[in-house]
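Trainee: Once you've had a glance at the structure underneath, I'll fire off some questions.
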Amino acid sequence: MSQSYMDQESDGYDEVRPTFYIGQHDSTRSETLTDLQYGQVLNAGFSYVTTPITNEHFHDRVVNLLKTTLLDAENNKQAGSTPDPVVPPLTTEDTNLFPGTYTSGLVAYSSPWIDLCSSNHVVSSISRQVLNLEVSYANFCGIRSIIVPGPRQDSIKAGNGRGIAQYARAIKEAFSIGTRVAIIIHIPMYREPSLEEKVPLLSPVDEEASETSPEAQEIDLFSSWDSWHVIRSVCEYDARLFVAIKIPRVLPEKELQTRWFSEPIQYLTFGPQTFQTNKAGHPSLSRHHQDMIFTYMRLKHAPYFLLCDVGPELEADPSPKEITTAEFPTLAEAAAQQVASTSGNKIHALNSYSAYLRHLERQQEPLSDLEQTTLANFQDWLQSPLQPLSDNLESVTYEVFEGDPVKYFQYETAIAAALTEWAALSKPTSSPGGEVVIAVAGSGRGPLVTRALRASQSTGVPVRVWAVEKNPNAYVYLLRQNQREWGGRVTVVKTDMRAWKGPLLSDSSSSTPTYGKVDILVSELLGSFGDNELSPECLDGIQHVLAPTHGISIPASYTAHLSPISTPRIHADIRQRALAADENAFETPWVVRLFALDFVAERGVPGHPRFQEAWEFSHPLPRHTLDAVEARRAGGIAGGGGGSMAGAVGANDHNARHCHLTFVCRSRGVIHGLAGYFEAVLYAPTTSSGAEGEEENAKIELSTLPENIDRKSKDMVSWFPIFFPLRQPLYFPPDTELEVSMWRQTDDTKVWYEWMVEAFMWVGPSQRVKVGSSDLCSSRKVACLL
């Protein structure tokens with residue numbers, strides 16, 4: 001039956017796709033598989049298998065202990081007179097799991113009958129002890145992953161908040177016992193009735209039938225996630241805590257799928273009820289399920305698959321025997337066994353469900369070269385922002401920047417548009433020979449210089465190019481480029497751009513040198529937030545060389561944008577750094593390719609979009625602004641000297657910014673910080689031309705905004721977003737307004753950011769109540785130095 005899927009071969013064998021690792025779980029399995037049975041499962045197309053830690057004998061022993069304890073408590077009702085029962089240690093009769101050759105390849109599944117959430121103290125105490133015994137023993141045997149069935153009811157149900165807290169505390173305690181294991185909480189994506197565990201819970205006799213039928217309850221889509229959030233919060237985002245999601249037959253709205261996408265998913269689990277039957281009678285998944293799988297498999301740490309209760313039917317092993325390393329056959333013996341097995345015509349058919357997933361594996365879109373080499377590796381990987389003014393970058397850093405053709409194509413297009421318009425308007429130039437003078441400020445290894453020369457060649461407008469670079473090592477490389485690539489057409493200057501006096505017009509031997517002006521000032525000083533690498537301060541410092549009447553800057557302007565996000569993986573990473581040695585981890589705005597994230601703000605809310613502009617910078621500055629700055633530096637402000645910050649004169653105050661933004665969140669959730677993006681207008685032509693009034697003066701732009709990047713600068717990877725973390729995650733209820741306040745601060749020697757988030761709920765037509773707030777975060781200790 002499964003051969004129909006296997007026969008559909010992929011056309012491109014050389015194409016790279018994410019790999020599916022498919023495991024098998026049987027909820028009725030009470031003993032560890034024998035070597036023969038383990039081989040049968042592998043032959044059916046599975047990569048790994050789950051195993052119980054304890055067996056039915058242990059279960060019966062625990063049930064008897066519970067009954068005895070409850071009977072004693074009934075006969076003696078004096079408070080504190082009956083001590084908690086103690087579950088005796090495991091014996092060889094309680095488990096079939098022992099250290100062996102393949103034990104480390106097994107995934108342990110803890111007893112589904114324990115009830116960590118029970119309101120009965122005896123039941124919850126016994127359940128906690130059972131979990132600790134199983135975790136400890138699995139850790140001893142070499143097991144590295146333990147799946148623990150999640151709570152069967154959520155805290156959203158009245159009176160069940162205590163149960164979730166008990167469960168979370170028990171999991172945290174288990175981590176202290178199993179020091180080398182990862183714990184995976186098995187929980188449904190939402191409470192679809194068919195996804196619940198069928199094994200009866202350990203409970204007092206009078207509570208066994210007390211639960212309401214799940215079909216009679218209203219389903220809250222986010223209640224399962226709520227329970228998971230409590231568990232991982234109590235466990236303090238432990239790096240060894242993961243989640244296994246039971247996939248329902250009917251997928252929920254995209255909002256919930258994205259919420260789970262941002263979580264540390266270890267397994268996607270599928271039962272037979274999730275599948276549908278196609279026309280050929282084979283199991284298949286809906287198109288919505290397929291799309292969800294393909295999306296999740298784009299994660300750098302993609303989840304594994306776990307098929308539950310789908311077979312195969314295993315043959316009994318009449319003489320179970322543990323294989324030791326010494327008993328492995330030689331190559332000759334293995335070949336003889338293979339011949340004997342083939343002659344017996346006993347061929348194990350692939351499991352139809354695993355075969356279908358293998359079919360889906362081949363239907364994935366191949367990974368692009370960019371995904372394989374760059375994007376996948378940088379997913380959710382934290383990088384400290386550059387300090388371009390105080391540090392000299394290495395060649396390999398420049399090389400990474402230069403690997404993005406999209407950015408430099410846009411720059412070349414902008415320069416070409418500026419030159420074309422310059423010629424069309426017959427604008428004056430600053431060169432005695434009539435050439436347009438272009439200065440590339442912060443030239444690095446010269447990619448923008450090359451693009452400026454190409455733009456001149458393509459437009460036919462002559463130019464004189466100056467390359468200004470403070471890095472003495474990059475300066476050497478620029479001199480070499482001028483000799484080898486640019487034919488000596490470029491004048492290379494080694495200096496801080498803010499100290500450059502402009503193009504030298506007089507002879508170098510003259511006692512009184514004469515300096516000219518620049519017509520087009522080109523720079524690539526933008527950071528992930530636009531201004532976070534001090535582009536405003538650098539361009540202010542070099543503006544004195546720009547022709548005052550007709551000089552232009554490329555870029556002409558740029559805007560910073562924010563959106564609150566949930567990103568548990570990154571929060572856990574930052575938390576580990578803070579616990580290790582980095583005391584400023586939560587005060588650092590990190591550059592990171594955000595991938596496993598959830599945008600918590602609603603789309604399409606009038607006046608409150610998901611991505612909102614924080615502030616804008618434009619270049620060149622107006623003359624009166626520059627005059628005011630110079631007056632402050634010279635102490636020419638009446639009563640001055642104080643500035644906006646103690647000890648500062650306020651010369652950089654014009655580059656300070658503040659914003660207050662409101663985001664609307666329909667569903668409850670949690671935010672871990674703010675995602676920052678930018679957009680830049682490199683050049684905006686002022687004239688139009690073309691047949692029959694066709695407009696050709698479209699702006700040449702760059703954008704990292706998820707909603708605009710494909711339209712404005714598709715496939716650009718030079719800049720990843722910036723992430724402003726919150727020290728404590730901020731939980732918010734449904735229909736919340738998140739108010740974000742952010743400041744760009746300066747004291748004339750450095751620049752830093754401050755940010756905070758507040759959550760409000762409406763309780764009347766004109767009244768709100770604050771339901772949560774973050775601390776005021778500040779990056780002053782890791783500020784960018786001027």
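All residue names refer to the structure tokens as shown: chains lettered A, B, ... in order, residues numbered from 1 in each chain, ligands numbered from 1 in order.
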Using only C-alpha atoms, determine which residues lie at most 8 Å from Ile245 of chain A, disregarding the query and same-chain residues fewer than 5 positions distant; provide the list as a PDB file with N, CA and C atoms, in the first residue's frame.

Mentor:
ATOM      1  N   HIS A 186       4.332  16.893  26.171  1.00  0.00           N
ATOM      2  CA  HIS A 186       3.451  16.476  25.077  1.00  0.00           C
ATOM      3  C   HIS A 186       2.076  17.088  25.296  1.00  0.00           C
ATOM      4  N   ILE A 187       1.700  18.021  24.445  1.00  0.00           N
ATOM      5  CA  ILE A 187       0.488  18.798  24.675  1.00  0.00           C
ATOM      6  C   ILE A 187      -0.198  19.062  23.347  1.00  0.00           C
ATOM      7  N   PRO A 188      -1.529  19.103  23.302  1.00  0.00           N
ATOM      8  CA  PRO A 188      -2.217  19.360  22.027  1.00  0.00           C
ATOM      9  C   PRO A 188      -2.069  20.799  21.569  1.00  0.00           C
ATOM     10  N   MET A 189      -2.102  20.998  20.268  1.00  0.00           N
ATOM     11  CA  MET A 189      -2.066  22.357  19.726  1.00  0.00           C
ATOM     12  C   MET A 189      -3.235  23.171  20.283  1.00  0.00           C
ATOM     13  N   ILE A 265       9.943  23.792  19.611  1.00  0.00           N
ATOM     14  CA  ILE A 265       9.248  22.546  19.266  1.00  0.00           C
ATOM     15  C   ILE A 265      10.276  21.445  18.996  1.00  0.00           C
ATOM     16  N   TYR A 267       8.977  17.938  18.721  1.00  0.00           N
ATOM     17  CA  TYR A 267       8.246  16.939  17.937  1.00  0.00           C
ATOM     18  C   TYR A 267       6.904  17.499  17.466  1.00  0.00           C
ATOM     19  N   LEU A 268       6.534  17.119  16.256  1.00  0.00           N
ATOM     20  CA  LEU A 268       5.158  17.241  15.771  1.00  0.00           C
ATOM     21  C   LEU A 268       4.584  15.837  15.793  1.00  0.00           C
ATOM     22  N   THR A 269       3.533  15.602  16.569  1.00  0.00           N
ATOM     23  CA  THR A 269       3.011  14.251  16.724  1.00  0.00           C
ATOM     24  C   THR A 269       1.681  14.117  15.993  1.00  0.00           C
TER      25      THR A 269
END

Trainee: Could you build a table of the residues in segment 413-435 of chain A lying no more than 9 Å from segment 440-456 of chain A, giving for each the nearest pair of atoms and their separation in Å rounded to one decimal place, using only C-alpha atoms, ordered by chain and ascending residue number, as CSV?

Mentor:
residue,atom,partner,partner_atom,distance
A:Thr413,CA,A:Ala455,CA,7.4
A:Ala414,CA,A:Ala455,CA,8.8
A:Ile415,CA,A:Ala455,CA,6.2
A:Ala416,CA,A:Ala455,CA,4.7
A:Ala417,CA,A:Ala455,CA,8.6
A:Leu419,CA,A:Ser456,CA,7.3

Trainee: Rank A:Leu504, A:Ala560, A:Ile722, A:Ile671 by their smallest atom-to-atom distance to Ala614 of chain A, using only C-alpha atoms, and report the top residue only.

Mentor: A:Ala560

Trainee: Quick check for you: according to DSSP on this backbone, which residues of segment 390-536 of chain A are classed as strand (DSSP E)? Reply as number ranges by chain.

Mentor: A: 436-441, 463-469, 490-494, 520-523

Trainee: At a cut-off of 12 Å, using only C-alpha atoms, what residues contact Phe242 of chain A? Leave out same-chain residues fewer than 5 positions from it and give the result as a PyMOL selection string.

Mentor: chain A and resi 145-148+150+171+181-187+228-229+231-232+235+237+260+262-268+301+303-304+568-569+572

Trainee: Quick one: distance from atom CA of Ser741 of chain A to atom CA of Val717 of chain A in Å, one decimal?

Mentor: 28.3 Å

Trainee: When you count only C-alpha atoms, which of these residues is closest to Val107 of chain A: A:Cys141, A:Leu195, A:Ala680, A:Leu133?

Mentor: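 That would be A:Cys141, the residue with the smallest distance to Val107 of chain A.
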
Trainee: Which one of A:Tyr353, A:Trp719, A:Phe595, A:Phe663 sits closest to Met761 of chain A if you count only C-alpha atoms?

Mentor: A:Phe663

Trainee: So that I can see what lies close to Leu360 of chain A, please list as a compact mmCIF listing (two decimals) with C-alpha atoms, in the first residue's frame the residues with an atom at most 12 Å from it, counting only C-alpha atoms and leaving out residues fewer than 2 positions away in the same chain.

Mentor:
# COMPACT_ATOMS: atom_id res chain seq x y z
CA TYR A 5 4.24 6.98 -2.41
CA MET A 6 7.72 5.49 -2.69
CA GLN A 8 7.07 8.96 -6.86
CA GLU A 9 10.73 9.89 -7.05
CA SER A 10 11.97 13.44 -6.79
CA ARG A 17 15.58 19.83 1.27
CA PRO A 18 14.98 19.68 5.02
CA THR A 19 15.21 16.11 6.32
CA PHE A 20 12.27 14.37 8.00
CA ILE A 22 10.13 10.08 11.74
CA PRO A 283 -3.42 8.06 4.46
CA SER A 284 -2.84 11.69 3.56
CA LEU A 285 -2.94 15.15 5.12
CA SER A 286 -4.90 18.20 4.06
CA ARG A 287 -3.25 21.00 2.14
CA HIS A 289 -1.46 20.50 7.22
CA GLN A 290 1.10 20.24 4.44
CA ASP A 291 1.64 23.99 4.35
CA MET A 292 2.09 24.06 8.13
CA ILE A 293 4.64 21.23 7.97
CA PHE A 294 6.60 22.90 5.18
CA MET A 297 10.55 22.51 8.53
CA TYR A 353 1.95 6.63 7.33
CA SER A 354 5.73 6.94 7.39
CA ALA A 355 5.80 6.40 3.63
CA TYR A 356 3.39 9.31 3.19
CA LEU A 357 5.62 11.60 5.26
CA ARG A 358 8.60 10.52 3.14
CA ARG A 362 10.28 15.08 -1.36
CA GLN A 363 7.53 17.60 -2.12
CA GLN A 364 9.21 20.42 -0.18
CA GLU A 365 10.61 23.42 -1.99

Trainee: Identify which of the residues A:Thr397, A:Ser703, A:Ser390, A:Gln543 lies closest to Arg623 of chain A, counting only C-alpha atoms when measuring atom-to-atom distances.

Mentor: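 Looking at the shortest contact to Arg623 of chain A, the residue is A:Gln543.
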
Trainee: Using atom CA of Thr50 of chain A and atom CA of Asp154 of chain A as the two end points, give the distance in Å to one decimal.

Mentor: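 For atom CA of Thr50 of chain A relative to atom CA of Asp154 of chain A, the distance reads 25.8 Å.
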
Trainee: Give me the residues near Leu202 of chain A as a PyMOL selection string, where near means some atom within 6 Å (using only C-alpha atoms) and where sequence neighbours in that chain fewer than 2 positions away do not count.

Mentor: chain A and resi 113-115

Trainee: Selected residues, N, CA, C and O atoms, written as a PDB file, in the first residue's frame, please.

Mentor:
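The resulting file, selection_11.pdb, is reproduced below:
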ATOM      1  N   TRP A 113      -0.240   7.637  33.199  1.00  0.00           N
ATOM      2  CA  TRP A 113      -1.286   7.521  34.215  1.00  0.00           C
ATOM      3  C   TRP A 113      -1.028   8.367  35.457  1.00  0.00           C
ATOM      4  O   TRP A 113      -1.894   8.487  36.316  1.00  0.00           O
ATOM      5  N   ILE A 114       0.145   8.963  35.577  1.00  0.00           N
ATOM      6  CA  ILE A 114       0.389   9.806  36.752  1.00  0.00           C
ATOM      7  C   ILE A 114      -0.392  11.118  36.606  1.00  0.00           C
ATOM      8  O   ILE A 114      -0.610  11.605  35.490  1.00  0.00           O
ATOM      9  N   ASP A 115      -0.789  11.688  37.716  1.00  0.00           N
ATOM     10  CA  ASP A 115      -1.598  12.912  37.706  1.00  0.00           C
ATOM     11  C   ASP A 115      -0.919  13.968  38.574  1.00  0.00           C
ATOM     12  O   ASP A 115      -1.189  14.098  39.763  1.00  0.00           O
TER      13      ASP A 115
END

Trainee: From a DSSP pass on the backbone, collect the residues of segment 156-272 of chain A flagged as alpha helix (DSSP H) and hand them back as a VMD selection string.

Mentor: chain A and resid 161 to 177 223 to 234 254 to 261

Trainee: Rank nothing, just name the residue among A:Val130, A:Leu738, A:Ala302, A:Leu525 nearest to Val670 of chain A, using only C-alpha atoms.

Mentor: A:Leu738

Trainee: Of the residues A:Asp496, A:Glu421, A:Glu313, A:Glu616, which is the one nearest to Asn351 of chain A, using only C-alpha atoms?

Mentor: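 Result for the nearest residue to Asn351 of chain A: A:Glu313.
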